[in-house]
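Okay, structure-v6.cif is below, mmCIF, C-alpha atoms:
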data_model
#
loop_
_atom_site.label_atom_id
_atom_site.label_comp_id
_atom_site.auth_asym_id
_atom_site.auth_seq_id
_atom_site.Cartn_x
_atom_site.Cartn_y
_atom_site.Cartn_z
CA MET A 1 40.74 -79.35 -7.58
CA THR A 2 39.92 -80.92 -4.25
CA GLY A 3 38.83 -79.07 -1.13
CA ILE A 4 42.32 -79.29 0.35
CA ASP A 5 43.84 -77.85 -2.84
CA TYR A 6 41.60 -74.80 -2.54
CA VAL A 7 42.46 -74.31 1.12
CA VAL A 8 46.21 -74.52 0.41
CA LEU A 9 45.98 -72.20 -2.60
CA PHE A 10 43.92 -69.54 -0.83
CA ALA A 11 46.09 -69.74 2.28
CA GLY A 12 49.13 -69.11 0.07
CA MET A 13 47.43 -66.20 -1.68
CA GLY A 14 46.34 -64.84 1.68
CA LEU A 15 49.86 -65.02 3.08
CA VAL A 16 51.53 -63.18 0.19
CA THR A 17 48.76 -60.56 0.31
CA TYR A 18 48.96 -60.06 4.06
CA ILE A 19 52.73 -59.61 4.33
CA PRO A 20 52.97 -56.40 2.22
CA ARG A 21 50.00 -55.02 4.17
CA TRP A 22 51.47 -55.92 7.52
CA LEU A 23 55.26 -55.51 7.55
CA PRO A 24 55.52 -51.77 6.72
CA LEU A 25 52.88 -50.92 9.32
CA LEU A 26 54.61 -53.04 11.96
CA PHE A 27 58.05 -51.54 11.36
CA LEU A 28 57.24 -47.93 10.50
CA SER A 29 54.67 -47.50 13.29
CA HIS A 30 57.48 -47.71 15.86
CA LYS A 31 59.99 -45.54 14.03
CA ARG A 32 60.22 -41.79 13.79
CA LEU A 33 59.96 -41.28 10.07
CA PRO A 34 62.20 -38.69 8.43
CA ARG A 35 60.45 -35.60 7.10
CA TRP A 36 61.20 -36.38 3.45
CA LEU A 37 59.63 -39.82 3.74
CA ILE A 38 56.46 -38.39 5.30
CA ASP A 39 56.23 -35.78 2.53
CA TRP A 40 56.69 -38.47 -0.11
CA LEU A 41 54.16 -40.82 1.50
CA ASN A 42 51.71 -37.90 1.64
CA LEU A 43 51.58 -37.92 -2.15
CA ILE A 44 51.03 -41.68 -2.41
CA PRO A 45 47.20 -41.68 -2.09
CA ALA A 46 46.72 -39.22 -4.95
CA ALA A 47 49.26 -41.13 -7.04
CA ILE A 48 47.76 -44.58 -6.42
CA LEU A 49 44.17 -43.49 -7.04
CA SER A 50 45.12 -41.73 -10.25
CA ALA A 51 47.19 -44.72 -11.41
CA LEU A 52 44.29 -47.09 -10.72
CA LEU A 53 41.76 -44.85 -12.42
CA ALA A 54 43.52 -43.54 -15.54
CA PRO A 55 43.90 -46.78 -17.56
CA SER A 56 40.27 -47.70 -16.86
CA LEU A 57 39.15 -44.38 -18.37
CA PHE A 58 41.62 -43.85 -21.21
CA THR A 59 42.21 -47.35 -22.54
CA GLU A 60 40.52 -50.41 -23.96
CA SER A 61 41.54 -53.50 -21.99
CA ALA A 62 41.49 -56.33 -24.53
CA PRO A 63 43.66 -55.73 -26.44
CA ARG A 64 45.20 -52.80 -24.61
CA ALA A 65 44.81 -49.64 -26.69
CA LEU A 66 44.39 -45.91 -26.15
CA ASP A 67 40.79 -44.75 -26.55
CA PHE A 68 39.49 -41.31 -25.55
CA GLY A 69 35.93 -41.98 -26.69
CA ARG A 70 34.81 -44.45 -24.05
CA LEU A 71 31.59 -44.14 -22.10
CA GLU A 72 33.60 -44.55 -18.87
CA LEU A 73 35.53 -41.36 -19.66
CA LEU A 74 32.46 -39.43 -20.82
CA VAL A 75 30.64 -40.22 -17.57
CA ALA A 76 33.77 -39.53 -15.51
CA VAL A 77 33.68 -35.81 -16.39
CA PRO A 78 30.30 -34.96 -14.76
CA THR A 79 31.04 -37.45 -11.95
CA PHE A 80 34.30 -35.63 -11.25
CA LEU A 81 32.52 -32.27 -11.17
CA PHE A 82 29.85 -33.71 -8.90
CA ALA A 83 32.55 -34.93 -6.51
CA ILE A 84 34.27 -31.52 -6.46
CA LYS A 85 30.96 -29.77 -5.83
CA THR A 86 29.45 -32.08 -3.19
CA ARG A 87 32.52 -33.84 -1.72
CA SER A 88 30.17 -36.70 -0.89
CA LEU A 89 31.55 -40.19 -1.48
CA GLY A 90 28.22 -41.99 -1.37
CA GLY A 91 26.57 -39.33 -3.51
CA THR A 92 29.32 -39.52 -6.10
CA VAL A 93 29.12 -43.32 -6.30
CA LEU A 94 25.35 -43.12 -6.84
CA ALA A 95 25.62 -40.21 -9.32
CA GLY A 96 28.27 -42.08 -11.31
CA MET A 97 26.17 -45.24 -11.42
CA LEU A 98 23.06 -43.32 -12.48
CA LEU A 99 24.90 -41.38 -15.21
CA TYR A 100 26.60 -44.53 -16.50
CA TRP A 101 23.32 -46.36 -16.60
CA LEU A 102 21.55 -43.48 -18.40
CA ALA A 103 24.45 -43.05 -20.83
CA GLY A 104 24.28 -46.77 -21.60
CA LEU A 105 20.55 -46.48 -22.37
CA VAL A 106 21.09 -43.52 -24.71
CA SER A 107 24.14 -44.73 -26.60
CA MET B 108 29.52 -32.76 44.76
CA SER B 109 28.36 -36.17 43.67
CA GLN B 110 30.68 -38.49 41.83
CA PRO B 111 29.41 -39.91 38.54
CA GLY B 112 28.16 -43.40 39.33
CA GLU B 113 29.51 -46.60 37.88
CA ALA B 114 26.39 -47.03 35.76
CA PHE B 115 26.86 -43.57 34.31
CA ILE B 116 30.45 -44.26 33.32
CA GLN B 117 29.45 -47.58 31.82
CA GLN B 118 26.75 -45.89 29.80
CA THR B 119 29.22 -43.31 28.51
CA VAL B 120 31.53 -46.10 27.39
CA ILE B 121 28.68 -47.80 25.55
CA MET B 122 27.67 -44.50 23.92
CA GLU B 123 31.25 -43.94 22.80
CA LYS B 124 31.41 -47.43 21.33
CA LYS B 125 28.17 -46.79 19.46
CA HIS B 126 29.69 -43.55 18.23
CA ILE B 127 32.75 -45.30 16.87
CA LEU B 128 30.64 -47.92 15.13
CA GLY B 129 28.25 -45.29 13.75
CA GLN B 130 30.93 -42.98 12.42
CA GLY B 131 32.94 -45.87 11.05
CA ALA B 132 29.85 -47.18 9.29
CA ALA B 133 29.03 -43.73 7.91
CA ALA B 134 32.49 -43.61 6.35
CA ALA B 135 32.35 -47.21 5.13
CA TRP B 136 28.94 -47.41 3.47
CA PRO B 137 30.04 -45.99 0.10
CA ILE B 138 32.81 -48.59 0.03
CA CYS B 139 30.32 -51.35 0.80
CA LEU B 140 28.01 -50.04 -1.92
CA GLY B 141 30.89 -50.11 -4.38
CA TYR B 142 32.01 -53.59 -3.33
CA PHE B 143 28.64 -55.19 -3.73
CA PRO B 144 28.39 -55.27 -7.53
CA VAL B 145 32.06 -56.13 -7.88
CA GLY B 146 31.78 -58.91 -5.30
CA LEU B 147 28.69 -60.29 -7.04
CA ALA B 148 30.54 -60.29 -10.35
CA LEU B 149 33.48 -62.13 -8.81
CA GLY B 150 31.14 -64.70 -7.27
CA VAL B 151 29.45 -65.33 -10.62
CA LEU B 152 32.79 -65.80 -12.40
CA ALA B 153 34.03 -68.11 -9.66
CA ASP B 154 30.86 -70.16 -9.93
CA GLN B 155 31.34 -70.44 -13.69
CA ALA B 156 34.94 -71.52 -13.12
CA GLY B 157 33.60 -74.38 -11.00
CA ILE B 158 34.82 -73.05 -7.65
CA PRO B 159 32.45 -74.19 -4.90
CA PHE B 160 30.49 -71.71 -2.82
CA TRP B 161 32.40 -72.31 0.42
CA ALA B 162 35.73 -71.89 -1.36
CA VAL B 163 34.67 -68.49 -2.71
CA GLY B 164 33.90 -67.38 0.84
CA LEU B 165 37.17 -68.81 2.10
CA MET B 166 39.11 -66.97 -0.61
CA SER B 167 37.45 -63.66 0.32
CA VAL B 168 38.18 -64.21 4.01
CA LEU B 169 41.82 -65.23 3.53
CA VAL B 170 42.82 -62.93 0.67
CA PHE B 171 40.43 -59.93 0.68
CA ALA B 172 41.89 -58.29 -2.42
CA GLY B 173 39.55 -57.72 -5.33
CA SER B 174 41.84 -57.53 -8.32
CA ALA B 175 43.99 -60.47 -7.21
CA GLN B 176 40.89 -62.59 -6.68
CA PHE B 177 39.60 -61.81 -10.17
CA ILE B 178 42.95 -62.78 -11.65
CA ALA B 179 43.08 -65.96 -9.56
CA VAL B 180 39.62 -67.00 -10.73
CA ALA B 181 40.57 -66.37 -14.35
CA MET B 182 43.78 -68.36 -13.92
CA LEU B 183 41.93 -71.23 -12.21
CA ALA B 184 39.41 -71.26 -15.05
CA ALA B 185 42.33 -71.49 -17.48
CA GLY B 186 43.73 -74.46 -15.53
CA ALA B 187 46.72 -72.73 -13.93
CA SER B 188 48.43 -74.44 -11.00
CA ALA B 189 48.88 -72.98 -7.52
CA TRP B 190 52.40 -71.53 -7.77
CA PRO B 191 51.83 -69.11 -10.66
CA ILE B 192 48.58 -67.97 -9.02
CA VAL B 193 50.28 -67.26 -5.70
CA MET B 194 53.19 -65.45 -7.41
CA THR B 195 50.80 -63.32 -9.47
CA THR B 196 48.81 -62.48 -6.34
CA PHE B 197 51.99 -61.37 -4.62
CA VAL B 198 52.98 -59.04 -7.47
CA VAL B 199 49.49 -57.58 -7.90
CA ASN B 200 49.27 -56.81 -4.18
CA LEU B 201 52.73 -55.30 -3.74
CA ARG B 202 51.12 -51.86 -3.95
CA HIS B 203 49.87 -52.39 -0.39
CA ILE B 204 53.45 -51.75 0.78
CA LEU B 205 52.98 -48.11 -0.18
CA MET B 206 49.58 -47.86 1.51
CA SER B 207 50.70 -49.60 4.68
CA SER B 208 53.71 -47.26 4.90
CA ALA B 209 51.55 -44.17 4.42
CA LEU B 210 49.06 -45.33 7.07
CA ALA B 211 51.89 -45.94 9.56
CA VAL B 212 52.32 -42.15 9.80
CA PHE B 213 48.88 -41.95 11.45
CA LEU B 214 49.20 -45.08 13.58
CA PRO B 215 52.40 -44.46 15.54
CA GLY B 216 53.56 -46.67 18.38
CA LEU B 217 50.54 -48.99 18.51
CA SER B 218 50.55 -52.57 19.71
CA ARG B 219 51.51 -55.34 17.33
CA GLY B 220 48.17 -56.99 17.88
CA PHE B 221 46.22 -53.95 16.76
CA LEU B 222 48.48 -53.31 13.78
CA SER B 223 48.18 -56.95 12.70
CA LEU B 224 44.40 -56.78 12.86
CA PHE B 225 44.37 -53.45 11.05
CA ALA B 226 46.76 -54.54 8.30
CA TYR B 227 44.39 -57.30 7.23
CA GLY B 228 41.82 -54.74 6.09
CA ILE B 229 44.05 -52.40 4.07
CA THR B 230 42.61 -52.05 0.56
CA ASP B 231 42.70 -49.33 -2.11
CA GLU B 232 39.33 -48.10 -0.88
CA SER B 233 39.67 -48.28 2.90
CA PHE B 234 43.14 -46.77 2.57
CA ALA B 235 41.88 -43.73 0.67
CA VAL B 236 38.88 -43.19 2.96
CA ASN B 237 40.94 -43.52 6.15
CA MET B 238 43.78 -41.33 4.89
CA THR B 239 41.33 -38.58 4.00
CA ARG B 240 39.70 -38.73 7.42
CA PHE B 241 42.99 -38.97 9.32
CA ARG B 242 44.23 -35.83 7.59
CA LYS B 243 41.10 -33.90 8.45
CA GLY B 244 41.55 -34.88 12.10
CA GLN B 245 38.65 -36.19 14.19
CA TRP B 246 39.53 -39.72 13.17
CA ASP B 247 41.17 -42.43 15.18
CA ARG B 248 42.39 -45.97 14.87
CA TRP B 249 39.16 -47.55 16.10
CA ARG B 250 37.00 -45.77 13.54
CA ALA B 251 39.54 -46.65 10.88
CA LEU B 252 39.42 -50.28 11.99
CA VAL B 253 35.63 -50.28 11.70
CA VAL B 254 35.93 -48.98 8.12
CA ASN B 255 38.40 -51.76 7.26
CA HIS B 256 36.34 -54.57 8.69
CA LEU B 257 32.88 -53.43 7.57
CA SER B 258 34.25 -53.23 4.02
CA ASN B 259 35.72 -56.67 4.49
CA LEU B 260 32.35 -58.02 5.62
CA ALA B 261 30.57 -56.47 2.63
CA TRP B 262 33.15 -58.07 0.34
CA ILE B 263 32.80 -61.56 1.84
CA VAL B 264 28.99 -61.42 1.80
CA SER B 265 28.77 -60.06 -1.75
CA THR B 266 31.21 -62.57 -3.27
CA MET B 267 29.36 -65.45 -1.62
CA ALA B 268 26.01 -64.02 -2.73
CA GLY B 269 27.36 -63.74 -6.26
CA SER B 270 28.49 -67.34 -6.19
CA LEU B 271 25.04 -68.49 -5.04
CA ALA B 272 22.65 -66.23 -6.92
CA GLY B 273 24.65 -63.88 -9.12
CA GLN B 274 23.58 -65.41 -12.40
CA PHE B 275 20.04 -64.14 -11.81
CA ILE B 276 21.15 -60.51 -11.81
CA PRO B 277 21.20 -58.99 -15.31
CA ARG B 278 24.59 -57.67 -16.43
CA GLY B 279 25.05 -53.92 -16.23
CA ALA B 280 21.85 -53.38 -14.23
CA LEU B 281 21.56 -49.84 -12.79
CA GLY B 282 25.10 -48.90 -13.72
CA ILE B 283 26.59 -51.09 -11.01
CA ASP B 284 29.69 -51.61 -13.14
CA TYR B 285 30.55 -47.98 -12.52
CA ALA B 286 30.38 -48.07 -8.71
CA LEU B 287 34.11 -48.55 -8.13
CA THR B 288 35.07 -46.00 -10.77
CA GLY B 289 32.77 -43.42 -9.17
CA MET B 290 34.32 -44.19 -5.80
CA PHE B 291 37.88 -43.78 -7.08
CA ILE B 292 36.95 -40.48 -8.73
CA CYS B 293 35.64 -39.01 -5.49
CA LEU B 294 38.51 -40.39 -3.41
CA LEU B 295 40.93 -38.81 -5.87
CA VAL B 296 39.13 -35.47 -5.59
CA TYR B 297 39.61 -35.64 -1.80
CA GLN B 298 43.34 -36.03 -2.34
CA LEU B 299 43.80 -33.06 -4.68
CA ARG B 300 44.56 -30.60 -1.92
CA GLY B 301 46.95 -28.30 -3.75
CA ARG B 302 49.10 -27.88 -6.84
CA ILE B 303 51.64 -30.51 -5.88
CA TYR B 304 48.89 -33.08 -5.43
CA VAL B 305 47.32 -32.21 -8.79
CA LEU B 306 50.72 -32.47 -10.45
CA THR B 307 51.27 -35.86 -8.82
CA GLY B 308 47.84 -37.06 -9.95
CA VAL B 309 48.34 -35.95 -13.53
CA ALA B 310 51.82 -37.49 -13.65
CA ALA B 311 50.47 -40.77 -12.24
CA ALA B 312 47.65 -40.82 -14.80
CA ILE B 313 50.01 -40.32 -17.74
CA ILE B 314 52.67 -42.76 -16.53
CA ALA B 315 50.09 -45.41 -15.59
CA THR B 316 48.34 -45.16 -18.96
CA VAL B 317 51.58 -45.35 -20.98
CA TRP B 318 52.98 -48.18 -18.81
CA TYR B 319 49.67 -50.06 -18.99
CA LEU B 320 49.77 -49.90 -22.80
CA LEU B 321 53.43 -50.91 -23.12
CA VAL B 322 53.98 -53.45 -20.33
CA PRO B 323 51.74 -56.49 -19.82
CA GLY B 324 50.55 -57.25 -16.29
CA ASN B 325 49.76 -54.93 -13.41
CA SER B 326 53.11 -53.33 -12.64
CA TYR B 327 51.74 -50.01 -13.87
CA ILE B 328 50.10 -49.30 -10.50
CA VAL B 329 53.22 -49.52 -8.35
CA VAL B 330 55.55 -47.99 -10.96
CA ALA B 331 53.31 -45.03 -11.76
CA SER B 332 52.51 -44.34 -8.09
CA ALA B 333 56.12 -44.39 -6.95
CA VAL B 334 57.45 -42.35 -9.88
CA ALA B 335 54.61 -39.79 -9.75
CA ALA B 336 54.99 -39.31 -5.98
CA THR B 337 58.71 -38.76 -6.52
CA ILE B 338 58.01 -36.20 -9.26
CA GLY B 339 55.56 -34.39 -6.99
CA PHE B 340 58.01 -34.54 -4.10
CA VAL B 341 60.90 -33.09 -6.13
CA ALA B 342 58.66 -30.39 -7.60
CA GLY B 343 57.51 -29.45 -4.11
CA ARG B 344 61.09 -29.20 -2.82
CA LEU B 345 62.16 -27.07 -5.82
CA ALA B 346 59.18 -24.73 -5.38
CA ARG B 347 60.00 -24.31 -1.69
CA ARG B 348 63.65 -23.54 -2.42
CA LYS B 349 62.72 -20.83 -4.92
CA ARG B 350 60.61 -18.96 -2.38
#
Please rewrite the model in this file as structure tokens.
Amino acid sequence: MTGIDYVVLFAGMGLVTYIPRWLPLLFLSHKRLPRWLIDWLNLIPAAILSALLAPSLFTESAPRALDFGRLELLVAVPTFLFAIKTRSLGGTVLAGMLLYWLAGLVS
Amino acid sequence: MSQPGEAFIQQTVIMEKKHILGQGAAAAWPICLGYFPVGLALGVLADQAGIPFWAVGLMSVLVFAGSAQFIAVAMLAAGASAWPIVMTTFVVNLRHILMSSALAVFLPGLSRGFLSLFAYGITDESFAVNMTRFRKGQWDRWRALVVNHLSNLAWIVSTMAGSLAGQFIPRGALGIDYALTGMFICLLVYQLRGRIYVLTGVAAAIIATVWYLLVPGNSYIVVASAVAATIGFVAGRLARRKR
């Protein structure tokens, strides 16, 4: 690929990424949202985070298969407890990394 | 009574600006920490796929979406042409519609210019951090904007660093592969603020896992999020009606 090809490709990717980020904010920011929509949107963060997280803990990626014995899941349990206890984002990231690293050394 | 002088007012403004930057940075540093290893990894893969250093930086600036960039690099390495890559990027990033909508609740009636600048930095991570802070109060659009753009900066720098020097970093060093997972775990804990939220989270986990196993691609994120939020919403309404 030439330099121009890269620029065109990434501009295209950027455009289709930006529009879904931009349009809802632009339109909904100036509207009074109905109560039901606010209540529903309130649940979206928990839903998205859980949907992003679950397959990475409970499944093998190539090929896709259920697996409850992965190191990622094993480490997730104490990391989860650490997060509940401390409620510190930075601390939880560091604790998770440390545990994962240690677990990798042991196993 | 003496009026506060011009210099005093100016100093207060500067202090306030420092405050915004400081608090924004305090909220953003875990995101930056999580982005670094992932950005390095992306840079290394891009380098192996033959993408030049400047193009990696350009991609991070223009796209700023981790998972889509990984997929794009893999597709480029496999010799895919531009159209399928752009279409895939679009589908993978459709989930931002949900995040942008949820953030709009906390950013009512703002100028188009601000919203356009803000929208650029909406990611899974900045979204979750800002939503948590907005709900607790004591958070505003400027601090949220700082979170978005500091994360963005960390992403651009780390992907370019990975492209230049990533191959010298041993794989799996210091558990860096777990940084994003740890971040998602804590961000999820922040969101579990009652039974309905726990129910929504559990439903999303089950639906996402099953969908991920049965349906190729990344549709599991949007499908599971929307269905689980609807389940939580209906359950909440039913519980309220009973009382």
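Across B:Gly289, B:Pro215, B:Pro277, B:Gly173, the tightest approach to His30 of chain A is made by B:Pro215 when counting all atoms listed in the file.
Residues selected in this file by the PyMOL selection byres ((chain B and resi 196) around 8) comprise Met13, Val16 and Thr17 of chain A; Ala175, Gln176, Ile178, Ala179, Ile192, Val193, Met194, Thr195, Phe197, Val198, Val199 and Asn200 of chain B.
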**Asked** Could you list, as an NGL selection string, every residue of chain A that has an atom within 7 Å of an atom of chain B, counting all atoms listed in the file?
**Response** :A and (6 or 9-14 or 16-18 or 20-22 or 24-26 or 28-30 or 39-55 or 64-65 or 79-80 or 83-84 or 89-90 or 92-93 or 96-98 or 100-101)
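Taking atom CA of Gly273 of chain B and atom CA of Leu149 of chain B as the two end points, the separation is 9.0 Å.
Atom CA of Phe177 of chain B sits 9.2 Å away from atom CA of Ala148 of chain B.
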Using the incomplete input, complete segment 13-26 of chain A to the level of N, CA, C and O atoms; output as a short mmCIF file (atom, residue, chain, number, x, y, z; two decimals), keeping the file's coordinate frame.
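Once everything was written out, this is selection01.cif:
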data_model
loop_
_atom_site.label_atom_id
_atom_site.label_comp_id
_atom_site.auth_asym_id
_atom_site.auth_seq_id
_atom_site.Cartn_x
_atom_site.Cartn_y
_atom_site.Cartn_z
N MET A 13 47.77 -67.54 -1.17
CA MET A 13 47.43 -66.20 -1.68
C MET A 13 47.24 -65.22 -0.52
O MET A 13 47.67 -64.07 -0.59
N GLY A 14 46.58 -65.70 0.53
CA GLY A 14 46.34 -64.84 1.68
C GLY A 14 47.64 -64.40 2.33
O GLY A 14 47.81 -63.22 2.68
N LEU A 15 48.58 -65.32 2.44
CA LEU A 15 49.86 -65.02 3.08
C LEU A 15 50.63 -63.95 2.30
O LEU A 15 51.10 -62.97 2.87
N VAL A 16 50.74 -64.14 0.98
CA VAL A 16 51.53 -63.18 0.19
C VAL A 16 50.81 -61.84 0.06
O VAL A 16 51.42 -60.83 -0.28
N THR A 17 49.49 -61.83 0.32
CA THR A 17 48.76 -60.56 0.31
C THR A 17 48.92 -59.85 1.65
O THR A 17 49.05 -58.63 1.72
N TYR A 18 48.92 -60.65 2.71
CA TYR A 18 48.96 -60.06 4.06
C TYR A 18 50.32 -59.44 4.37
O TYR A 18 50.39 -58.36 4.98
N ILE A 19 51.39 -60.09 3.95
CA ILE A 19 52.73 -59.61 4.33
C ILE A 19 53.00 -58.17 3.88
O ILE A 19 53.44 -57.35 4.68
N PRO A 20 52.74 -57.81 2.60
CA PRO A 20 52.97 -56.40 2.22
C PRO A 20 52.04 -55.42 2.93
O PRO A 20 52.35 -54.24 3.04
N ARG A 21 50.90 -55.90 3.42
CA ARG A 21 50.00 -55.02 4.17
C ARG A 21 50.49 -54.82 5.60
O ARG A 21 50.19 -53.82 6.24
N TRP A 22 51.19 -55.81 6.10
CA TRP A 22 51.47 -55.92 7.52
C TRP A 22 52.85 -55.39 7.90
O TRP A 22 52.99 -54.60 8.84
N LEU A 23 53.89 -55.83 7.16
CA LEU A 23 55.26 -55.51 7.55
C LEU A 23 55.56 -54.01 7.63
O LEU A 23 56.13 -53.56 8.63
N PRO A 24 55.19 -53.21 6.62
CA PRO A 24 55.52 -51.77 6.72
C PRO A 24 54.87 -51.12 7.93
O PRO A 24 55.50 -50.34 8.64
N LEU A 25 53.60 -51.48 8.19
CA LEU A 25 52.88 -50.92 9.32
C LEU A 25 53.59 -51.28 10.62
O LEU A 25 53.82 -50.44 11.49
N LEU A 26 53.98 -52.55 10.74
CA LEU A 26 54.61 -53.04 11.96
C LEU A 26 55.93 -52.33 12.23
O LEU A 26 56.23 -51.94 13.35
#
